[in-house]
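Accompanying notes for the structure given below.
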Amino acid sequence: MVDILNRLFIAAVLAGTPLLLGALGEILTEKSGNLNLGVEGMMFMGAITGLAGSYYYEQAVIAGGGNPNGVLSAGIALVTAFIAGAGGALIYSFLTITLRANQNVTGLTLTIFGTGFGNFFGEYIGQQAGGYVAVTDVTKKAFSGLDIPVLSDIPVLGPLLFRYNWLVYFAIILAIIMAWFFSRSRVGLNMRAVGEDPATADAAGINITLYKYLATVIGGGICGIGGMYMSMVTTSGVWVHDCVSGYGWLAVALVIFATWSPARGMLVALIFGGLTIMRMYVNIPGLPAQIYDMLPYVATIVVLVVTSMRESREHAQPKSCGLNYFREER
């Protein structure tokens, strides 16, 4: 029983990491007052560009007679995925902030565009590669679990806490930094003011447009890294059609579950991750597999009900989220 729980915990951490990254990107976006429902699309864009960046780097080095560097390949995947996600968010920002398009429609359009973008180029690059696109073992090793001296060898706690891939720790550190940023830094507090009441923040001299653009674009880049995790870790560096498979929508649900808090996001990402892979470790005779798939969404509904009953402003969505700001109407 203990062994099953240990393996379930490890699998939950691994499955919850892309959800945490997607949720952190969306939390940053929504804190500025923008509701970007294009998380799924940005994750798809990050998934294919991250994989393609590593793949083309390896092919260029091999063609030149050299040996690819796994750390450099992983770095290229990280940067290209961030740029792709940020690019998708930049399109969203221009349409909603500058042209004042409807945020819900624009976000849904970005999801459709990003999903098509990822699957199209994934299949195209795969055909050019001779059937499917995959990185070499050198890059796969760079995304495998770490072996931290001393810490990894601690009985029980070592395997549970110190043998994950570097993206797991990257996501945790990012969540901690964001939690500090929103509660302690002046820029973070200004951003929260923009999300709550942009007219008042504008009157106080805060550049609303700049804050919204930066938060949305950087948030989109973080979502892109979450997508890169799916293609480089979840599918082991091999492009699988439709590999994000709804994780972007789960990340949006996780934002609600975490009540827009990066710190709570770490805990609920672990819970969501466990719920998504529970069928592999908990087998209840006669229970359809579809019931397991419903669990994350059922949990979200419960949290929505509880949050609504509490009516706590600290744990509620930013007031202006989803509403375009018209300075002339201030």
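Chain labels run A, B, ... following the order of the structure tokens; each chain numbers its residues from 1, and ligands are numbered from 1 in the order shown.
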Which polymer residues have any atom within 9 Å of an atom of A:Phe82, counting only C-alpha atoms, with same-chain residues fewer than 5 positions away left out, as a list in words? Gly46, Thr49, Gly50, Ala77, Gly87, Ile218, Gly220, Gly221, Ile222, Cys223, Gly224, Ile225 and Met228 of chain A
Within 12 Å of A:Leu157 using only C-alpha atoms, minus same-chain residues under 5 positions, as number ranges by chain: A: 6, 9-10, 150-152, 162-163
Would you mind exporting all heavy atoms of the selected residues as a PDB file, in the first residue's frame?
ATOM      1  N   ASN A   6       3.415   5.923  -2.745  1.00  0.00           N
ATOM      2  CA  ASN A   6       4.644   6.598  -3.159  1.00  0.00           C
ATOM      3  C   ASN A   6       4.685   6.792  -4.672  1.00  0.00           C
ATOM      4  O   ASN A   6       5.015   7.877  -5.167  1.00  0.00           O
ATOM      5  CB  ASN A   6       5.877   5.810  -2.706  1.00  0.00           C
ATOM      6  CG  ASN A   6       6.107   5.895  -1.205  1.00  0.00           C
ATOM      7  OD1 ASN A   6       5.534   6.750  -0.533  1.00  0.00           O
ATOM      8  ND2 ASN A   6       6.943   5.002  -0.678  1.00  0.00           N
ATOM      9  N   PHE A   9       2.198   9.409  -5.728  1.00  0.00           N
ATOM     10  CA  PHE A   9       2.678  10.767  -5.442  1.00  0.00           C
ATOM     11  C   PHE A   9       3.659  11.232  -6.515  1.00  0.00           C
ATOM     12  O   PHE A   9       3.549  12.359  -7.028  1.00  0.00           O
ATOM     13  CB  PHE A   9       3.343  10.805  -4.067  1.00  0.00           C
ATOM     14  CG  PHE A   9       3.880  12.164  -3.695  1.00  0.00           C
ATOM     15  CD1 PHE A   9       3.059  13.108  -3.101  1.00  0.00           C
ATOM     16  CD2 PHE A   9       5.225  12.481  -3.933  1.00  0.00           C
ATOM     17  CE1 PHE A   9       3.555  14.362  -2.764  1.00  0.00           C
ATOM     18  CE2 PHE A   9       5.721  13.731  -3.593  1.00  0.00           C
ATOM     19  CZ  PHE A   9       4.884  14.677  -3.008  1.00  0.00           C
ATOM     20  N   ILE A  10       4.609  10.370  -6.845  1.00  0.00           N
ATOM     21  CA  ILE A  10       5.611  10.724  -7.868  1.00  0.00           C
ATOM     22  C   ILE A  10       4.934  10.986  -9.213  1.00  0.00           C
ATOM     23  O   ILE A  10       5.235  11.972  -9.897  1.00  0.00           O
ATOM     24  CB  ILE A  10       6.660   9.602  -7.993  1.00  0.00           C
ATOM     25  CG1 ILE A  10       7.472   9.500  -6.697  1.00  0.00           C
ATOM     26  CG2 ILE A  10       7.578   9.855  -9.181  1.00  0.00           C
ATOM     27  CD1 ILE A  10       8.397   8.295  -6.638  1.00  0.00           C
ATOM     28  N   VAL A 150      23.602  13.094  -2.363  1.00  0.00           N
ATOM     29  CA  VAL A 150      23.187  13.047  -0.957  1.00  0.00           C
ATOM     30  C   VAL A 150      21.667  13.089  -0.829  1.00  0.00           C
ATOM     31  O   VAL A 150      21.041  12.200  -0.247  1.00  0.00           O
ATOM     32  CB  VAL A 150      23.824  14.176  -0.117  1.00  0.00           C
ATOM     33  CG1 VAL A 150      23.381  14.039   1.345  1.00  0.00           C
ATOM     34  CG2 VAL A 150      25.347  14.127  -0.223  1.00  0.00           C
ATOM     35  N   LEU A 151      21.044  14.156  -1.379  1.00  0.00           N
ATOM     36  CA  LEU A 151      19.597  14.335  -1.220  1.00  0.00           C
ATOM     37  C   LEU A 151      18.803  13.205  -1.872  1.00  0.00           C
ATOM     38  O   LEU A 151      17.818  12.719  -1.315  1.00  0.00           O
ATOM     39  CB  LEU A 151      19.166  15.686  -1.802  1.00  0.00           C
ATOM     40  CG  LEU A 151      19.715  16.934  -1.108  1.00  0.00           C
ATOM     41  CD1 LEU A 151      19.221  18.194  -1.800  1.00  0.00           C
ATOM     42  CD2 LEU A 151      19.329  16.949   0.372  1.00  0.00           C
ATOM     43  N   SER A 152      19.223  12.791  -3.067  1.00  0.00           N
ATOM     44  CA  SER A 152      18.497  11.737  -3.772  1.00  0.00           C
ATOM     45  C   SER A 152      18.597  10.389  -3.076  1.00  0.00           C
ATOM     46  O   SER A 152      17.780   9.489  -3.312  1.00  0.00           O
ATOM     47  CB  SER A 152      19.015  11.609  -5.211  1.00  0.00           C
ATOM     48  OG  SER A 152      18.760  12.783  -5.940  1.00  0.00           O
ATOM     49  N   PHE A 162      13.537  14.444  -4.618  1.00  0.00           N
ATOM     50  CA  PHE A 162      14.761  14.913  -5.251  1.00  0.00           C
ATOM     51  C   PHE A 162      15.188  14.105  -6.479  1.00  0.00           C
ATOM     52  O   PHE A 162      16.376  14.074  -6.805  1.00  0.00           O
ATOM     53  CB  PHE A 162      15.899  14.915  -4.219  1.00  0.00           C
ATOM     54  CG  PHE A 162      15.609  15.731  -2.998  1.00  0.00           C
ATOM     55  CD1 PHE A 162      15.405  15.123  -1.768  1.00  0.00           C
ATOM     56  CD2 PHE A 162      15.533  17.107  -3.082  1.00  0.00           C
ATOM     57  CE1 PHE A 162      15.141  15.875  -0.640  1.00  0.00           C
ATOM     58  CE2 PHE A 162      15.268  17.873  -1.951  1.00  0.00           C
ATOM     59  CZ  PHE A 162      15.061  17.258  -0.728  1.00  0.00           C
ATOM     60  N   ARG A 163      14.252  13.510  -7.180  1.00  0.00           N
ATOM     61  CA  ARG A 163      14.633  12.755  -8.374  1.00  0.00           C
ATOM     62  C   ARG A 163      13.750  13.079  -9.577  1.00  0.00           C
ATOM     63  O   ARG A 163      13.539  12.242 -10.449  1.00  0.00           O
ATOM     64  CB  ARG A 163      14.601  11.247  -8.082  1.00  0.00           C
ATOM     65  CG  ARG A 163      15.734  10.803  -7.154  1.00  0.00           C
ATOM     66  CD  ARG A 163      15.796   9.298  -7.014  1.00  0.00           C
ATOM     67  NE  ARG A 163      16.895   8.892  -6.150  1.00  0.00           N
ATOM     68  CZ  ARG A 163      17.140   7.641  -5.793  1.00  0.00           C
ATOM     69  NH1 ARG A 163      16.370   6.669  -6.237  1.00  0.00           N
ATOM     70  NH2 ARG A 163      18.158   7.366  -4.992  1.00  0.00           N
TER      71      ARG A 163
END
For atom CA of A:Ile97 and atom CA of A:Thr80, quote the distance in Å rounded to one decimal.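 Result for atom CA of A:Ile97 versus atom CA of A:Thr80: 24.6 Å, one decimal.
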When you look at A:Leu72 with a cut-off of 12 Å (counting only C-alpha atoms), what residues show up, excluding the ones that are within fewer than 4 positions of it in the same chain? I need them as a list in words.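 After dropping sequence-adjacent residues, the list is Gly53, Ser54, Tyr55, Tyr57, Glu58, Val61, Asn67, Pro68, Ile76, Ala77, Leu78, Val79, Val138, Thr139, Ala142 and Phe143 of chain A.
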Write to file, as a PDB file, in the first residue's frame, the residues of the selection just made, with C-alpha atoms.
ATOM      1  CA  GLY A  53      13.962  23.713 -31.698  1.00  0.00           C
ATOM      2  CA  SER A  54      15.801  20.808 -30.080  1.00  0.00           C
ATOM      3  CA  TYR A  55      15.337  18.581 -33.119  1.00  0.00           C
ATOM      4  CA  TYR A  57      19.606  21.984 -33.361  1.00  0.00           C
ATOM      5  CA  GLU A  58      20.564  18.299 -33.105  1.00  0.00           C
ATOM      6  CA  VAL A  61      25.176  19.621 -35.154  1.00  0.00           C
ATOM      7  CA  ASN A  67      27.763  15.716 -31.019  1.00  0.00           C
ATOM      8  CA  PRO A  68      24.714  17.574 -29.656  1.00  0.00           C
ATOM      9  CA  ILE A  76      16.852  25.897 -26.894  1.00  0.00           C
ATOM     10  CA  ALA A  77      13.599  23.994 -26.301  1.00  0.00           C
ATOM     11  CA  LEU A  78      12.836  26.202 -23.294  1.00  0.00           C
ATOM     12  CA  VAL A  79      13.486  29.467 -25.132  1.00  0.00           C
ATOM     13  CA  VAL A 138      21.148  13.040 -25.402  1.00  0.00           C
ATOM     14  CA  THR A 139      18.258  15.498 -25.189  1.00  0.00           C
ATOM     15  CA  ALA A 142      18.558  16.183 -20.247  1.00  0.00           C
ATOM     16  CA  PHE A 143      14.832  16.002 -19.471  1.00  0.00           C
TER      17      PHE A 143
END
Can you pull out every residue within 7 Å of stretch 262-271 of chain A, counting only C-alpha atoms, but drop anything in the same chain fewer than 3 positions away, and send it as a PyMOL selection string? chain A and resi 12-13+16-17+19-20+24+172+175-176+178-179+254+257-258+274-275
So, with only C-alpha atoms as the atoms that count, which of A:Ala171, A:Leu108, A:His241, A:Gly145 lies closest to A:Pro159?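 Selected residue with least distance to A:Pro159: A:Gly145.
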Near-stretch 184-194 of chain A list (9 Å; only C-alpha atoms; drop same-chain fewer than 6 positions) as a list of chain:residue names: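 Final neighbour list, sorted by chain and number: A:Lys31, A:Ser32, A:Gly33, A:Met178, A:Thr200, A:Ala201, A:Asp202, A:Ile206, A:Asn207, A:Ile208, A:Tyr211, A:Lys212, A:Ala215, A:Pro318, A:Ser320.
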Test item, alpha helix (DSSP H) assignment across stretch 104-302 of chain A, answer as a PyMOL selection string: chain A and resi 104-128+137-142+157-161+166-184+186-196+198-203+208-229+247-257+262-277+289-302
Can you write out the residues you just picked, keeping C-alpha atoms, as a short mmCIF file (atom, residue, chain, number, x, y, z; two decimals), in the first residue's frame?
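The resulting result26.cif:
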data_model
loop_
_atom_site.label_atom_id
_atom_site.label_comp_id
_atom_site.auth_asym_id
_atom_site.auth_seq_id
_atom_site.Cartn_x
_atom_site.Cartn_y
_atom_site.Cartn_z
CA ASN A 104 -13.65 35.27 -24.57
CA VAL A 105 -13.98 34.96 -28.35
CA THR A 106 -10.33 35.89 -28.92
CA GLY A 107 -9.13 33.34 -26.37
CA LEU A 108 -11.21 30.56 -27.90
CA THR A 109 -9.92 31.52 -31.35
CA LEU A 110 -6.34 31.34 -30.05
CA THR A 111 -7.05 27.83 -28.75
CA ILE A 112 -8.31 26.70 -32.16
CA PHE A 113 -5.39 28.37 -33.94
CA GLY A 114 -2.74 27.02 -31.54
CA THR A 115 -4.13 23.48 -31.66
CA GLY A 116 -4.08 23.50 -35.45
CA PHE A 117 -0.63 25.10 -35.47
CA GLY A 118 0.84 22.41 -33.22
CA ASN A 119 -0.74 19.42 -34.93
CA PHE A 120 -0.06 20.70 -38.46
CA PHE A 121 3.62 21.44 -37.95
CA GLY A 122 4.06 18.33 -35.82
CA GLU A 123 2.83 16.16 -38.69
CA TYR A 124 4.71 18.22 -41.31
CA ILE A 125 8.06 18.03 -39.53
CA GLY A 126 7.44 14.34 -38.88
CA GLN A 127 6.94 13.66 -42.57
CA GLN A 128 10.10 15.60 -43.41
CA ASP A 137 18.81 10.18 -26.36
CA VAL A 138 21.15 13.04 -25.40
CA THR A 139 18.26 15.50 -25.19
CA LYS A 140 15.94 12.92 -23.63
CA LYS A 141 18.49 12.42 -20.87
CA ALA A 142 18.56 16.18 -20.25
CA LEU A 157 12.14 11.20 1.00
CA GLY A 158 14.93 11.03 -1.60
CA PRO A 159 12.87 9.41 -4.38
CA LEU A 160 9.78 11.45 -3.42
CA LEU A 161 11.41 14.89 -3.48
CA TRP A 166 14.55 20.05 -13.76
CA LEU A 167 11.25 21.43 -15.09
CA VAL A 168 9.48 20.26 -11.93
CA TYR A 169 11.78 22.38 -9.78
CA PHE A 170 11.57 25.22 -12.30
CA ALA A 171 7.77 25.27 -11.93
CA ILE A 172 7.96 25.18 -8.11
CA ILE A 173 10.51 28.01 -7.95
CA LEU A 174 8.45 30.04 -10.42
CA ALA A 175 5.33 29.60 -8.27
CA ILE A 176 7.21 30.77 -5.17
CA ILE A 177 8.61 33.81 -7.00
CA MET A 178 5.17 34.72 -8.33
CA ALA A 179 3.63 34.42 -4.87
CA TRP A 180 6.23 36.85 -3.53
CA PHE A 181 5.84 39.10 -6.57
CA PHE A 182 2.08 39.59 -6.10
CA SER A 183 2.21 40.08 -2.34
CA ARG A 184 5.49 41.91 -1.70
CA ARG A 186 5.57 47.15 -5.89
CA VAL A 187 5.19 46.07 -9.52
CA GLY A 188 3.13 43.07 -8.45
CA LEU A 189 0.84 45.20 -6.31
CA ASN A 190 0.44 47.64 -9.20
CA MET A 191 -0.51 44.72 -11.45
CA ARG A 192 -3.13 43.56 -8.96
CA ALA A 193 -4.50 47.11 -8.90
CA VAL A 194 -4.75 47.06 -12.70
CA GLY A 195 -6.71 43.83 -12.55
CA GLU A 196 -9.04 44.98 -9.80
CA PRO A 198 -7.92 49.81 -13.98
CA ALA A 199 -9.59 53.24 -13.88
CA THR A 200 -8.29 53.93 -10.39
CA ALA A 201 -4.87 52.53 -11.26
CA ASP A 202 -4.78 54.73 -14.37
CA ALA A 203 -5.66 57.78 -12.32
CA ILE A 208 -2.44 50.13 -17.85
CA THR A 209 -1.55 49.11 -21.39
CA LEU A 210 2.05 48.27 -20.52
CA TYR A 211 1.09 46.16 -17.50
CA LYS A 212 -1.57 44.26 -19.43
CA TYR A 213 0.75 43.56 -22.37
CA LEU A 214 3.65 42.40 -20.21
CA ALA A 215 1.53 40.19 -17.95
CA THR A 216 -0.34 38.58 -20.84
CA VAL A 217 2.71 38.00 -23.05
CA ILE A 218 4.91 36.63 -20.24
CA GLY A 219 1.99 34.53 -19.00
CA GLY A 220 1.59 33.11 -22.50
CA GLY A 221 5.28 32.26 -22.60
CA ILE A 222 4.95 30.31 -19.33
CA CYS A 223 2.01 28.40 -20.83
CA GLY A 224 4.22 27.60 -23.82
CA ILE A 225 6.81 26.06 -21.48
CA GLY A 226 4.01 23.94 -20.01
CA GLY A 227 3.28 22.66 -23.51
CA MET A 228 6.97 21.96 -24.08
CA TYR A 229 6.88 19.76 -20.97
CA TYR A 247 -4.36 19.94 -20.32
CA GLY A 248 -4.78 23.62 -21.21
CA TRP A 249 -8.43 23.53 -20.16
CA LEU A 250 -7.49 21.69 -16.98
CA ALA A 251 -4.98 24.46 -16.26
CA VAL A 252 -7.76 27.04 -16.55
CA ALA A 253 -9.82 24.99 -14.09
CA LEU A 254 -6.79 24.77 -11.81
CA VAL A 255 -6.63 28.60 -11.68
CA ILE A 256 -10.13 28.60 -10.19
CA PHE A 257 -9.25 25.72 -7.87
CA PRO A 262 0.42 30.78 -7.20
CA ALA A 263 1.26 29.25 -3.80
CA ARG A 264 -1.99 27.27 -3.62
CA GLY A 265 -1.44 26.42 -7.27
CA MET A 266 1.37 24.04 -6.27
CA LEU A 267 -0.94 22.05 -4.00
CA VAL A 268 -3.89 21.90 -6.40
CA ALA A 269 -1.58 20.99 -9.30
CA LEU A 270 -0.52 17.98 -7.25
CA ILE A 271 -4.18 17.13 -6.61
CA PHE A 272 -5.18 17.60 -10.26
CA GLY A 273 -2.15 15.61 -11.38
CA GLY A 274 -3.16 12.78 -9.06
CA LEU A 275 -6.74 12.86 -10.32
CA THR A 276 -5.65 12.69 -13.96
CA ILE A 277 -3.57 9.54 -13.46
CA ALA A 289 -12.83 5.00 -16.86
CA GLN A 290 -14.87 8.08 -17.79
CA ILE A 291 -15.63 8.62 -14.09
CA TYR A 292 -11.92 9.08 -13.40
CA ASP A 293 -11.74 11.66 -16.21
CA MET A 294 -14.57 13.60 -14.59
CA LEU A 295 -12.93 13.88 -11.17
CA PRO A 296 -10.86 17.07 -11.81
CA TYR A 297 -13.93 18.88 -13.12
CA VAL A 298 -16.15 17.67 -10.30
CA ALA A 299 -13.55 18.97 -7.86
CA THR A 300 -13.58 22.33 -9.65
CA ILE A 301 -17.36 22.60 -9.37
CA VAL A 302 -17.17 21.89 -5.64
#
Could you check the closest approach to A:Val238 for each of A:Ile91, A:Ile83, A:Ala52, A:Val133 and tell me which residue wins, using only C-alpha atoms?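 Closest residue, counting only C-alpha atoms: A:Val133.
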So, with only C-alpha atoms as the atoms that count, which of A:Val303, A:Ala89, A:Val135, A:Leu95 lies closest to A:Ile62?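 Looking only at the distances to A:Ile62, the closest residue turns out to be A:Val135.
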Hey, can you check how far atom CA of A:Ser144 sits from atom CA of A:Thr234?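 Computing it gives 10.4 Å between the two atoms.
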Separation of atom CA of A:Arg100 from atom CA of A:Val244, in Å and rounded to one decimal: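 Atom-to-atom, atom CA of A:Arg100 to atom CA of A:Val244, that is 29.1 Å.
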Measuring atom to atom with only C-alpha atoms, identify which of A:Leu51, A:Met43, A:Leu146, A:Ala316 is nearest to A:Thr235.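 Checking each candidate against A:Thr235, we get A:Leu51 as the closest.
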